[in-house]
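Right, one structure below, let's go through it.
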Amino acid sequence: MNSAIEIVIILLMLSSIVVLMLEAIGQKPHTTALIERPHIRLFTFGVIIAAIIILVINLSREPFLSRRPHLFFESFAILFLLINTFIALYLGKKTRAFLRNGDSFFLLLASLTAAIINIWTDFLAIKLIASTGWLIIMASLAVKTTIGGKKAEIGLKLSFSALLFFILGLLATYFIFAASLKAELSNITLESAGFGLIGVVFLVLMGMSLAGVAPFSFAHVDCADGSNLSTSFLILSNAMIQGASHLLDAKMILVRSGPEFAHFVSAIAYILAAGLLITWLRALDQSKIRRTATYVASSVAPLFCLSLLFGTSALLPKLIFVLALFAFVTIALFALFGSLAYSDPIYSPWQTWEDIAGYGRRNRMPSLYFLVAIASIAGLPGTLGYFIKLSLIAPLKDSYLFNIVIFISIAMGAACTMRIFVFLFSKQSLRIDQPSLEISSPLTLMAASLILIILGFFPFVR
Amino acid sequence: METFANYIVYSMIFSPIFAAIFITLIPTVDLSSKITLSRFFAFLGFFSFLCVLALFINNQLAPQYSISFKLNDFYVNFALEINKYNIFLFGAMSASLMANMILYELNDTKSNVHQVAPFILAFIIFITLGQKDLRVALPIISISNFIVYFLIGYSGKDRRSSTIFHMGIFLFTCDTLVLILLQYQEIDGPLSLAADAMIIVAIVSGLSRLALPLLAPFMKSLFLNVDEAEGPFLIIYLQIAGFAILVLIRSGLDVVPDYIENLVLVLSLLSTLYLSIAAVFEDRPHILPYYYVTFYAALTAIIIFLADLDSFWYLFASLLLVNLASFLHCSKSSLMISQFKHLYTMQPRIKATWFLSLCLLAGIPGLGIGATFWPILYWFVARDAPIFQTTSSWLYYAILLALSMILLSYSLIINYHKDIFYKSEKTHSFIDYSSPINKFFYVSPLIIEAISLLIPWVTFYVSTRAVL
């Protein structure tokens, strides 16, 4: 399996060089006819599709896939990193994210390569370098695809986030290496609660910082709020997957180290649950549409990490359950940002809920998809997100506090969803000139919303 | 015969969704085609239900109707169960849908969503009623509330947004809590504290959909902010969804624990008292039928938890069906009266018809809801006669009920009186309108009375033949 991932990495590295060359040529004055750069876009699509096909074929040939799917976490994660980038490119056509600047496609492929290396490698030092590199590349991409005055803020905060992540990562590497004298994460076990444990704590913080779990979500939120919607989708979705892989590594170290470290595993759940609650609290008190959507989207990070680390389903095979988790992140965020992208002008960061009162009456379909995405992320009963949240109840049943947090997060999600529903569909527009959309939403958005709703009718969690 | 039964059952369940598809496909301007088609499918649905009932009486229904498919190792199965506990809820929904289509015509001022919403809601209820697991039924009921909120949101009433907001948060929170506690029940077992808590919260979730004031803080604003033409069906939908939850809980309990019995009894009786008082002070006659329907829904909920497992289903069904029939008639009458009030000020027969309509809901023995209510009450008294002698709390319950009934009758007279006052002020009309009320209006109370007498007989007859 690793050889397939290596092939994918090499393919992406080579293609990023090709794209860089093509983009450099495209910036020459005599090639202005190619300013939209369809050939580069097509090439990038092709490379990503080829990488997806290579991974899927290799996965389908694995004899242990259905019985021991947790061994293939890396492959699933990389597969969804590729899918998310593909979706970002797809959304980018509507939002014109990667067409304005010279080296956007190169940055896109470079960030993807860094993210895949981050997931694939077992060495903490390489993870640290790849993750920091990914954050810096994303900062460049976000700055390049952002129009207006938020560029500086986004760049500054993402750079600060990268610095924070790097410091946490350095500390984690130092303490873990000092305690175990091993470089590969899969071989590390803790003997006692000393330096090694401090290192694991830093590893957890590093994972949370990368995933964008509150209170480390400041850069992610600002970037998703102010940047182009495609970039917002890309940074949030791929950050979650990478951050979750770091947290999974930390959990595995603690589990391998023996039962005396079990309560530290529970502590990870509590920290993530607190992050979930903070994010929903912040989502409730926002007056701007884009900001609310961003907070709602960033609440997926702690939920995804919690479900991946602790969630179970008695009725679903483990393989399907893990796939459902990854699919939930991708589909929910795609529905959320995709519907925003097709809802001109409400995706502008300065639009408030009062400004678009009654918007759903004129533009029903994008508003409906937007609402379905938010309801699903909130975890309202009858949506896929609800079962993702419910998958945490049984494994953490001993902790009433944790389950109360899950319940409160759903209740706050319900309040947020109803608030948005009221503004979109119930309130009358204050403006006479509120426009109706001319472009209809694509079928892919409808399919994503339907999946979020229909899968909510199957009780696959007990 | 088995194939025929399958066709009939699927026809009853899927006819609303076909109706929704066809109505959507018809151009918006072709309103008469939409009306014809909606009535046709509503009739088809009700006719199918009558056939299902006949099959049920003759024990020709299968224990389960399922649609299943398999994808590699992934097996998906939709199972629908029609049994004695839910068959009359199917009937209530299909009859309400048909009545709604007859009484209220589609108009072109609203979107296609409004035209198909009753059918979609009916389909959702059919799917939900066929489930025997609350884990499956509750999420479907819960998410379908968005359709209700959407219809309320379009009503044009002043406080519709706050109504939707409060109602949505309350119902979603209750449903979530029930489903989380169901998880605990699964882990800890049916005799655990979590299981007891789950039953209590599920009862709250069910009763809040019946709009009982103690459990639905949004009750008054819901009544005031639903559209006059769409409101009755929405309330009926919510009530049937609430009863579906209560019946699912009840059918899972062989014997109802005392604390649940008392809880439901106290909550429902206090709610009836509150409703009666609120009805007395209500100065908007057009929402009066909502008070009545909620009042009798509370009594119906009591029957579900007080009667034994073998008899609760036909007793509650009898009261529910008569209540809904009277409510639909009375709400339509009140809408007509309020719409054309200034035109009919001096017509005694309209006054008499309106009075009769109100009387159908007033609980007068032998008339309307009273034809079912009092026999059921006597049945309870006869069954629990020894308890009455020994348990003092029953006396208080009886006093509360009597007080509520008196107040409700008083509110009826008060409101009728207000109506007369209104007429005396508006006698000087210079315009002579031709009457838009047809003759059917004058005989409709008699038809409802006939239905009220027929329903208890039918439900009792079915109870003697039911096997499933």
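Identifiers in this document derive from the order of the structure tokens: chains are assigned A, B, ..., residues are numbered from 1 separately in each chain, and ligands are numbered from 1 in order of occurrence.
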
Please build the interface table for chain A against chain B with a cut-off of 9 Å, listing for each qualifying residue the nearest atom pair and the distance in Å to one decimal; count only C-alpha atoms, order rows by chain and increasing number, and write it as CSV.
residue,atom,partner,partner_atom,distance
A:Leu316,CA,B:Phe74,CA,8.4
A:Pro317,CA,B:Phe74,CA,8.7
A:Arg361,CA,B:Tyr154,CA,8.8
A:Leu380,CA,B:Phe172,CA,6.9
A:Pro381,CA,B:Pro139,CA,4.6
A:Gly382,CA,B:Pro139,CA,4.2
A:Thr383,CA,B:Ile143,CA,7.7
A:Tyr386,CA,B:Thr176,CA,8.8
A:Leu390,CA,B:Ile180,CA,7.1
A:Ile393,CA,B:Gln183,CA,7.0
A:Ala394,CA,B:Gln183,CA,6.8
A:Lys397,CA,B:Tyr184,CA,7.4
A:Asn403,CA,B:Ile180,CA,8.3
A:Phe407,CA,B:Leu177,CA,7.0
A:Ile408,CA,B:Thr173,CA,8.8
A:Ile410,CA,B:Thr176,CA,7.5
A:Ala411,CA,B:Thr173,CA,5.4
A:Met412,CA,B:Ile169,CA,8.6
A:Ala414,CA,B:Ile169,CA,5.7
A:Ala415,CA,B:Ile169,CA,5.6
A:Thr417,CA,B:Ile169,CA,8.9
A:Met418,CA,B:Phe165,CA,5.5
A:Arg419,CA,B:Phe165,CA,6.6
A:Phe421,CA,B:Phe165,CA,8.5
A:Val422,CA,B:Ser161,CA,5.7
A:Phe423,CA,B:Ser161,CA,8.3
A:Phe425,CA,B:Gly153,CA,6.3
A:Ser426,CA,B:Gly153,CA,4.1
A:Lys427,CA,B:Ser161,CA,6.7
A:Gln428,CA,B:Gly156,CA,8.9
A:Ile453,CA,B:Ile143,CA,8.7
A:Gly456,CA,B:Pro139,CA,7.5
A:Phe457,CA,B:Ile140,CA,6.4
A:Phe458,CA,B:Val136,CA,7.0
A:Pro459,CA,B:Val136,CA,6.2
A:Val461,CA,B:Gln183,CA,8.8
A:Arg462,CA,B:Gln183,CA,6.2

Identify, on the basis of only C-alpha atoms, every residue whose closest approach to Tyr85 (chain B) does not exceed 12 Å; exclude the query and any residue fewer than 5 positions from it along the same chain; express the result as number ranges by chain. B: 56, 90-91, 129-132, 243-252, 304, 309-317, 459, 462-463, 466-468

Write the selection just made, keeping N, CA and C atoms, as a JSON list (two decimals), in the first residue's frame?
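File written: out_29.json
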[["chain", "number", "residue", "atom", "x", "y", "z"],
["B", 56, "PHE", "N", -57.68, -5.78, 7.21],
["B", 56, "PHE", "CA", -57.27, -5.94, 8.62],
["B", 56, "PHE", "C", -58.35, -6.68, 9.41],
["B", 90, "PHE", "N", -53.21, 5.68, 10.73],
["B", 90, "PHE", "CA", -53.17, 5.75, 9.26],
["B", 90, "PHE", "C", -54.48, 6.35, 8.74],
["B", 91, "GLY", "N", -55.58, 5.85, 9.33],
["B", 91, "GLY", "CA", -56.91, 6.34, 8.92],
["B", 91, "GLY", "C", -57.08, 7.81, 9.19],
["B", 129, "LEU", "N", -45.42, 5.91, 10.93],
["B", 129, "LEU", "CA", -46.35, 5.05, 11.66],
["B", 129, "LEU", "C", -46.02, 3.58, 11.47],
["B", 130, "GLY", "N", -45.45, 3.25, 10.32],
["B", 130, "GLY", "CA", -45.12, 1.85, 10.05],
["B", 130, "GLY", "C", -43.91, 1.35, 10.81],
["B", 131, "GLN", "N", -43.22, 2.23, 11.55],
["B", 131, "GLN", "CA", -42.03, 1.81, 12.28],
["B", 131, "GLN", "C", -42.41, 1.34, 13.68],
["B", 132, "LYS", "N", -41.62, 0.40, 14.17],
["B", 132, "LYS", "CA", -41.87, -0.04, 15.55],
["B", 132, "LYS", "C", -40.73, 0.37, 16.49],
["B", 243, "PHE", "N", -49.13, 11.63, 18.69],
["B", 243, "PHE", "CA", -49.78, 10.37, 19.09],
["B", 243, "PHE", "C", -48.97, 9.16, 18.62],
["B", 244, "ALA", "N", -48.32, 9.29, 17.46],
["B", 244, "ALA", "CA", -47.48, 8.18, 16.98],
["B", 244, "ALA", "C", -46.37, 7.89, 18.00],
["B", 245, "ILE", "N", -45.78, 8.97, 18.53],
["B", 245, "ILE", "CA", -44.71, 8.78, 19.54],
["B", 245, "ILE", "C", -45.29, 8.13, 20.80],
["B", 246, "LEU", "N", -46.43, 8.66, 21.25],
["B", 246, "LEU", "CA", -47.03, 8.13, 22.49],
["B", 246, "LEU", "C", -47.44, 6.67, 22.32],
["B", 247, "VAL", "N", -48.01, 6.34, 21.16],
["B", 247, "VAL", "CA", -48.46, 4.97, 20.93],
["B", 247, "VAL", "C", -47.26, 4.02, 20.84],
["B", 248, "LEU", "N", -46.17, 4.48, 20.24],
["B", 248, "LEU", "CA", -44.97, 3.64, 20.18],
["B", 248, "LEU", "C", -44.45, 3.33, 21.59],
["B", 249, "ILE", "N", -44.50, 4.34, 22.44],
["B", 249, "ILE", "CA", -44.03, 4.12, 23.82],
["B", 249, "ILE", "C", -44.99, 3.17, 24.54],
["B", 250, "ARG", "N", -46.29, 3.46, 24.38],
["B", 250, "ARG", "CA", -47.29, 2.68, 25.12],
["B", 250, "ARG", "C", -47.30, 1.22, 24.68],
["B", 251, "SER", "N", -47.18, 0.99, 23.38],
["B", 251, "SER", "CA", -47.24, -0.40, 22.90],
["B", 251, "SER", "C", -46.02, -1.20, 23.35],
["B", 252, "GLY", "N", -44.97, -0.49, 23.78],
["B", 252, "GLY", "CA", -43.80, -1.20, 24.30],
["B", 252, "GLY", "C", -43.89, -1.50, 25.78],
["B", 304, "ILE", "N", -54.56, 6.80, 26.46],
["B", 304, "ILE", "CA", -53.46, 5.92, 25.99],
["B", 304, "ILE", "C", -52.72, 5.31, 27.17],
["B", 309, "LEU", "N", -53.41, -2.51, 27.74],
["B", 309, "LEU", "CA", -52.79, -2.66, 26.43],
["B", 309, "LEU", "C", -53.76, -3.16, 25.36],
["B", 310, "ASP", "N", -54.73, -3.97, 25.78],
["B", 310, "ASP", "CA", -55.64, -4.54, 24.78],
["B", 310, "ASP", "C", -56.77, -3.60, 24.38],
["B", 311, "SER", "N", -57.02, -2.59, 25.18],
["B", 311, "SER", "CA", -58.17, -1.75, 24.85],
["B", 311, "SER", "C", -57.83, -0.28, 24.57],
["B", 312, "PHE", "N", -56.61, 0.14, 24.91],
["B", 312, "PHE", "CA", -56.33, 1.58, 24.75],
["B", 312, "PHE", "C", -56.43, 2.02, 23.29],
["B", 313, "TRP", "N", -56.02, 1.13, 22.37],
["B", 313, "TRP", "CA", -55.87, 1.55, 20.97],
["B", 313, "TRP", "C", -57.19, 1.91, 20.31],
["B", 314, "TYR", "N", -58.27, 1.17, 20.59],
["B", 314, "TYR", "CA", -59.53, 1.54, 19.93],
["B", 314, "TYR", "C", -60.25, 2.65, 20.68],
["B", 315, "LEU", "N", -60.00, 2.74, 21.99],
["B", 315, "LEU", "CA", -60.62, 3.84, 22.75],
["B", 315, "LEU", "C", -60.02, 5.19, 22.34],
["B", 316, "PHE", "N", -58.68, 5.22, 22.29],
["B", 316, "PHE", "CA", -58.04, 6.50, 21.94],
["B", 316, "PHE", "C", -58.33, 6.85, 20.49],
["B", 317, "ALA", "N", -58.36, 5.82, 19.62],
["B", 317, "ALA", "CA", -58.60, 6.07, 18.19],
["B", 317, "ALA", "C", -59.99, 6.67, 17.99],
["B", 459, "THR", "N", -64.75, 1.51, 15.42],
["B", 459, "THR", "CA", -63.54, 1.16, 16.19],
["B", 459, "THR", "C", -63.82, -0.03, 17.13],
["B", 462, "VAL", "N", -63.95, -3.17, 15.02],
["B", 462, "VAL", "CA", -62.59, -3.59, 14.62],
["B", 462, "VAL", "C", -61.90, -4.25, 15.82],
["B", 463, "SER", "N", -62.14, -3.71, 17.02],
["B", 463, "SER", "CA", -61.47, -4.28, 18.20],
["B", 463, "SER", "C", -61.88, -5.72, 18.45],
["B", 466, "ALA", "N", -59.79, -7.77, 15.64],
["B", 466, "ALA", "CA", -58.35, -7.57, 15.42],
["B", 466, "ALA", "C", -57.52, -8.73, 15.96],
["B", 467, "VAL", "N", -56.56, -9.13, 15.17],
["B", 467, "VAL", "CA", -55.64, -10.18, 15.60],
["B", 467, "VAL", "C", -54.21, -9.66, 15.66],
["B", 468, "LEU", "N", -53.82, -8.89, 14.63],
["B", 468, "LEU", "CA", -52.41, -8.43, 14.54],
["B", 468, "LEU", "C", -52.03, -7.52, 15.70]]

Picked from region 159-362 of chain A by DSSP as alpha helix (DSSP H), as a VMD selection string: chain A and resid 159 to 180 195 to 211 218 to 226 229 to 256 262 to 284 289 to 298 300 to 310 318 to 341 359 to 362

Just the selected residues (C-alpha atoms), exported as a short mmCIF file (atom, residue, chain, number, x, y, z; two decimals), in the first residue's frame, please.
data_model
loop_
_atom_site.label_atom_id
_atom_site.label_comp_id
_atom_site.auth_asym_id
_atom_site.auth_seq_id
_atom_site.Cartn_x
_atom_site.Cartn_y
_atom_site.Cartn_z
CA SER A 159 1.74 32.68 9.68
CA PHE A 160 1.31 33.05 13.42
CA SER A 161 -0.58 29.75 13.48
CA ALA A 162 2.26 28.10 11.56
CA LEU A 163 4.76 29.50 14.05
CA LEU A 164 2.72 28.31 17.01
CA PHE A 165 2.37 24.91 15.40
CA PHE A 166 6.10 24.76 14.75
CA ILE A 167 6.95 25.59 18.37
CA LEU A 168 4.49 23.00 19.68
CA GLY A 169 5.87 20.47 17.23
CA LEU A 170 9.46 21.19 18.22
CA LEU A 171 8.60 20.73 21.88
CA ALA A 172 6.70 17.51 21.12
CA THR A 173 9.62 16.14 19.11
CA TYR A 174 12.14 17.08 21.75
CA PHE A 175 10.26 15.60 24.70
CA ILE A 176 9.19 12.43 22.92
CA PHE A 177 12.65 11.80 21.54
CA ALA A 178 14.26 12.54 24.90
CA ALA A 179 11.97 10.06 26.63
CA SER A 180 12.01 7.21 24.14
CA PHE A 195 8.97 13.68 29.62
CA GLY A 196 7.26 11.33 27.19
CA LEU A 197 3.83 12.27 28.46
CA ILE A 198 4.67 15.97 28.16
CA GLY A 199 5.71 15.27 24.59
CA VAL A 200 2.40 13.54 23.88
CA VAL A 201 0.54 16.48 25.37
CA PHE A 202 2.37 18.75 22.96
CA LEU A 203 1.58 16.32 20.16
CA VAL A 204 -2.13 16.58 21.06
CA LEU A 205 -1.94 20.38 21.10
CA MET A 206 -0.10 20.25 17.80
CA GLY A 207 -2.90 18.12 16.30
CA MET A 208 -5.57 20.47 17.64
CA SER A 209 -3.68 23.47 16.36
CA LEU A 210 -3.43 21.99 12.88
CA ALA A 211 -7.03 20.74 12.80
CA PHE A 218 -8.33 31.70 15.17
CA ALA A 219 -6.32 31.48 11.93
CA HIS A 220 -8.56 28.87 10.35
CA VAL A 221 -11.68 30.87 11.16
CA ASP A 222 -10.28 34.13 9.83
CA CYS A 223 -9.02 32.48 6.68
CA ALA A 224 -12.32 30.68 6.06
CA ASP A 225 -14.20 33.90 6.78
CA GLY A 226 -12.26 36.29 4.58
CA LEU A 229 -14.75 30.07 -0.65
CA SER A 230 -12.74 27.38 -2.45
CA THR A 231 -9.68 28.15 -0.34
CA SER A 232 -11.85 28.20 2.78
CA PHE A 233 -13.19 24.76 1.95
CA LEU A 234 -9.71 23.44 1.19
CA ILE A 235 -8.02 24.73 4.30
CA LEU A 236 -10.73 23.60 6.70
CA SER A 237 -11.30 20.13 5.25
CA ASN A 238 -7.66 19.18 4.74
CA ALA A 239 -6.57 20.68 8.06
CA MET A 240 -9.11 18.51 9.88
CA ILE A 241 -7.82 15.33 8.30
CA GLN A 242 -4.18 16.12 9.05
CA GLY A 243 -4.88 17.27 12.60
CA ALA A 244 -6.92 14.14 13.26
CA SER A 245 -4.02 11.97 12.09
CA HIS A 246 -1.75 13.64 14.68
CA LEU A 247 -4.32 13.12 17.40
CA LEU A 248 -4.69 9.50 16.35
CA ASP A 249 -0.92 9.06 16.66
CA ALA A 250 -1.04 10.56 20.15
CA LYS A 251 -3.90 8.30 21.15
CA MET A 252 -2.13 5.21 19.83
CA ILE A 253 0.99 6.06 21.85
CA LEU A 254 -1.11 6.34 25.02
CA VAL A 255 -3.05 3.13 24.28
CA ARG A 256 0.17 1.21 23.61
CA ALA A 262 -6.25 5.48 29.81
CA HIS A 263 -7.45 8.60 31.60
CA PHE A 264 -5.14 10.70 29.44
CA VAL A 265 -6.98 9.30 26.42
CA SER A 266 -10.25 10.47 28.01
CA ALA A 267 -8.64 13.88 28.53
CA ILE A 268 -8.24 14.20 24.76
CA ALA A 269 -12.00 13.61 24.41
CA TYR A 270 -12.74 16.29 27.01
CA ILE A 271 -10.49 18.85 25.36
CA LEU A 272 -12.08 18.19 21.96
CA ALA A 273 -15.58 18.33 23.48
CA ALA A 274 -14.74 21.68 25.05
CA GLY A 275 -13.55 22.87 21.65
CA LEU A 276 -16.84 21.76 20.12
CA LEU A 277 -18.83 23.68 22.70
CA ILE A 278 -16.75 26.85 22.34
CA THR A 279 -17.18 26.81 18.57
CA TRP A 280 -20.95 26.51 18.79
CA LEU A 281 -21.10 29.26 21.39
CA ARG A 282 -19.18 31.51 19.04
CA ALA A 283 -21.40 30.52 16.11
CA LEU A 284 -24.50 31.61 18.02
CA ILE A 289 -23.47 35.40 7.61
CA ARG A 290 -20.05 34.30 6.49
CA ARG A 291 -18.68 34.39 10.01
CA THR A 292 -21.54 32.21 11.30
CA ALA A 293 -21.01 29.72 8.48
CA THR A 294 -17.30 29.65 9.24
CA TYR A 295 -17.81 28.88 12.90
CA VAL A 296 -20.34 26.20 12.02
CA ALA A 297 -17.84 24.70 9.56
CA SER A 298 -15.01 24.80 12.07
CA VAL A 300 -16.73 19.86 12.22
CA ALA A 301 -13.05 19.63 13.24
CA PRO A 302 -13.55 18.58 16.88
CA LEU A 303 -16.50 16.41 15.92
CA PHE A 304 -14.53 14.60 13.24
CA CYS A 305 -11.53 14.08 15.54
CA LEU A 306 -13.78 12.79 18.34
CA SER A 307 -15.62 10.38 16.06
CA LEU A 308 -12.44 9.12 14.45
CA LEU A 309 -10.76 8.56 17.79
CA PHE A 310 -13.67 7.28 19.83
CA LYS A 318 -15.97 -0.54 10.75
CA LEU A 319 -14.86 0.13 7.20
CA ILE A 320 -18.15 1.76 6.24
CA PHE A 321 -18.22 3.73 9.47
CA VAL A 322 -14.76 5.18 8.90
CA LEU A 323 -15.65 6.01 5.31
CA ALA A 324 -18.87 7.63 6.52
CA LEU A 325 -16.86 9.87 8.85
CA PHE A 326 -14.55 11.07 6.11
CA ALA A 327 -17.45 11.43 3.69
CA PHE A 328 -19.37 13.49 6.26
CA VAL A 329 -16.58 16.04 6.52
CA THR A 330 -16.25 16.37 2.77
CA ILE A 331 -19.95 16.41 1.91
CA ALA A 332 -21.05 18.69 4.74
CA LEU A 333 -18.36 21.26 4.03
CA PHE A 334 -18.94 21.03 0.30
CA ALA A 335 -22.68 21.61 0.78
CA LEU A 336 -21.99 24.52 3.13
CA PHE A 337 -19.37 26.37 1.10
CA GLY A 338 -20.84 25.27 -2.23
CA SER A 339 -24.27 26.68 -1.41
CA LEU A 340 -22.61 29.90 -0.24
CA ALA A 341 -20.68 30.11 -3.49
CA TYR A 359 -33.38 35.64 0.85
CA GLY A 360 -34.57 32.02 0.91
CA ARG A 361 -37.96 33.03 -0.44
CA ARG A 362 -36.40 34.22 -3.69
#

Could you pull the residues within 10 Å of Leu265 (chain B), counting only C-alpha atoms, minus those fewer than 5 positions along the same chain, as a list in words?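 Once the nearby chain positions are removed, what remains is Tyr259, Ile260, Leu270, Ser271, Ala298, Leu299, Ala301, Ile302, Ile303, Phe305, Leu306, Trp394 and Tyr397 of chain B.
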
Just to be explicit: take each residue in the selection above, keep all heavy atoms, and write the result as a CSV table (one decimal), in the first residue's frame.
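Final output, saved to part16.csv:
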chain,number,residue,atom,x,y,z
B,259,TYR,N,-46.0,5.9,38.2
B,259,TYR,CA,-45.5,7.3,38.1
B,259,TYR,C,-45.7,7.9,36.7
B,259,TYR,O,-46.0,9.1,36.6
B,259,TYR,CB,-44.0,7.4,38.5
B,259,TYR,CG,-43.0,6.8,37.5
B,259,TYR,CD1,-42.5,7.5,36.5
B,259,TYR,CD2,-42.7,5.4,37.5
B,259,TYR,CE1,-41.6,7.0,35.6
B,259,TYR,CE2,-41.8,4.9,36.6
B,259,TYR,CZ,-41.3,5.6,35.7
B,259,TYR,OH,-40.4,5.1,34.7
B,260,ILE,N,-45.7,7.0,35.6
B,260,ILE,CA,-46.0,7.5,34.3
B,260,ILE,C,-47.4,7.8,34.1
B,260,ILE,O,-47.8,8.9,33.6
B,260,ILE,CB,-45.5,6.5,33.2
B,260,ILE,CG1,-44.0,6.5,33.3
B,260,ILE,CG2,-46.0,6.9,31.8
B,260,ILE,CD1,-43.4,5.5,32.3
B,270,LEU,N,-54.1,19.3,34.0
B,270,LEU,CA,-53.7,20.7,34.2
B,270,LEU,C,-53.7,21.5,32.9
B,270,LEU,O,-54.1,22.7,32.9
B,270,LEU,CB,-52.4,20.9,34.9
B,270,LEU,CG,-52.3,20.5,36.4
B,270,LEU,CD1,-50.9,20.5,36.9
B,270,LEU,CD2,-53.2,21.4,37.2
B,271,SER,N,-53.3,20.8,31.9
B,271,SER,CA,-53.3,21.5,30.6
B,271,SER,C,-54.7,21.8,30.1
B,271,SER,O,-55.0,22.9,29.6
B,271,SER,CB,-52.6,20.6,29.5
B,271,SER,OG,-51.3,20.5,29.8
B,298,ALA,N,-55.5,16.2,24.9
B,298,ALA,CA,-55.0,15.9,26.2
B,298,ALA,C,-55.7,14.7,26.8
B,298,ALA,O,-55.1,13.8,27.4
B,298,ALA,CB,-55.1,17.1,27.1
B,299,LEU,N,-57.1,14.7,26.7
B,299,LEU,CA,-57.9,13.6,27.2
B,299,LEU,C,-57.5,12.3,26.5
B,299,LEU,O,-57.5,11.2,27.1
B,299,LEU,CB,-59.3,13.9,27.1
B,299,LEU,CG,-59.8,15.1,27.9
B,299,LEU,CD1,-61.3,15.4,27.7
B,299,LEU,CD2,-59.5,15.0,29.4
B,301,ALA,N,-54.6,11.5,25.2
B,301,ALA,CA,-53.3,11.1,25.8
B,301,ALA,C,-53.5,10.4,27.1
B,301,ALA,O,-52.8,9.4,27.4
B,301,ALA,CB,-52.4,12.3,26.0
B,302,ILE,N,-54.5,10.8,27.9
B,302,ILE,CA,-54.7,10.2,29.2
B,302,ILE,C,-55.2,8.7,28.9
B,302,ILE,O,-54.8,7.8,29.6
B,302,ILE,CB,-55.8,10.9,30.0
B,302,ILE,CG1,-55.3,12.3,30.4
B,302,ILE,CG2,-56.2,10.1,31.2
B,302,ILE,CD1,-56.3,13.2,31.1
B,303,ILE,N,-56.1,8.6,27.9
B,303,ILE,CA,-56.6,7.3,27.6
B,303,ILE,C,-55.5,6.3,27.2
B,303,ILE,O,-55.5,5.1,27.7
B,303,ILE,CB,-57.7,7.3,26.5
B,303,ILE,CG1,-58.9,8.1,27.0
B,303,ILE,CG2,-58.1,6.0,26.0
B,303,ILE,CD1,-59.9,8.5,25.9
B,305,PHE,N,-52.5,6.1,28.2
B,305,PHE,CA,-51.7,5.6,29.3
B,305,PHE,C,-52.5,5.0,30.5
B,305,PHE,O,-51.9,4.4,31.4
B,305,PHE,CB,-50.7,6.7,29.8
B,305,PHE,CG,-49.6,6.9,28.8
B,305,PHE,CD1,-49.7,7.9,27.9
B,305,PHE,CD2,-48.5,6.1,28.9
B,305,PHE,CE1,-48.7,8.1,26.9
B,305,PHE,CE2,-47.5,6.3,28.0
B,305,PHE,CZ,-47.6,7.3,27.0
B,306,LEU,N,-53.8,5.3,30.5
B,306,LEU,CA,-54.6,4.7,31.6
B,306,LEU,C,-55.3,3.4,31.2
B,306,LEU,O,-55.5,2.6,32.1
B,306,LEU,CB,-55.6,5.8,32.0
B,306,LEU,CG,-55.3,6.5,33.3
B,306,LEU,CD1,-54.0,7.3,33.2
B,306,LEU,CD2,-56.4,7.3,33.8
B,394,TRP,N,-58.0,10.5,42.7
B,394,TRP,CA,-59.0,10.4,41.6
B,394,TRP,C,-60.1,11.4,41.7
B,394,TRP,O,-60.6,11.9,40.7
B,394,TRP,CB,-59.6,9.0,41.5
B,394,TRP,CG,-58.7,8.0,40.8
B,394,TRP,CD1,-57.8,7.2,41.3
B,394,TRP,CD2,-58.7,7.9,39.3
B,394,TRP,NE1,-57.2,6.5,40.3
B,394,TRP,CE2,-57.7,6.9,39.1
B,394,TRP,CE3,-59.4,8.4,38.3
B,394,TRP,CZ2,-57.4,6.5,37.8
B,394,TRP,CZ3,-59.1,8.0,37.0
B,394,TRP,CH2,-58.1,7.1,36.8
B,397,TYR,N,-58.8,14.6,40.4
B,397,TYR,CA,-58.7,14.5,38.9
B,397,TYR,C,-60.1,14.8,38.3
B,397,TYR,O,-60.2,15.5,37.4
B,397,TYR,CB,-58.2,13.2,38.5
B,397,TYR,CG,-56.7,12.8,38.9
B,397,TYR,CD1,-56.4,11.5,39.1
B,397,TYR,CD2,-55.8,13.9,39.1
B,397,TYR,CE1,-55.1,11.2,39.5
B,397,TYR,CE2,-54.5,13.5,39.5
B,397,TYR,CZ,-54.2,12.2,39.7
B,397,TYR,OH,-52.9,11.9,40.1

Could you give me, as number ranges by chain, each residue of region 72-155 of chain B that DSSP assigns to strand (DSSP E) when run on this structure's backbone? B: 74-80

Near Ile21 (chain B), counting only C-alpha atoms, which residues have an atom at most 9 Å away, once you skip same-chain residues fewer than 5 positions from it, shown as an MDAnalysis selection string? chainID B and resid 16 26 116
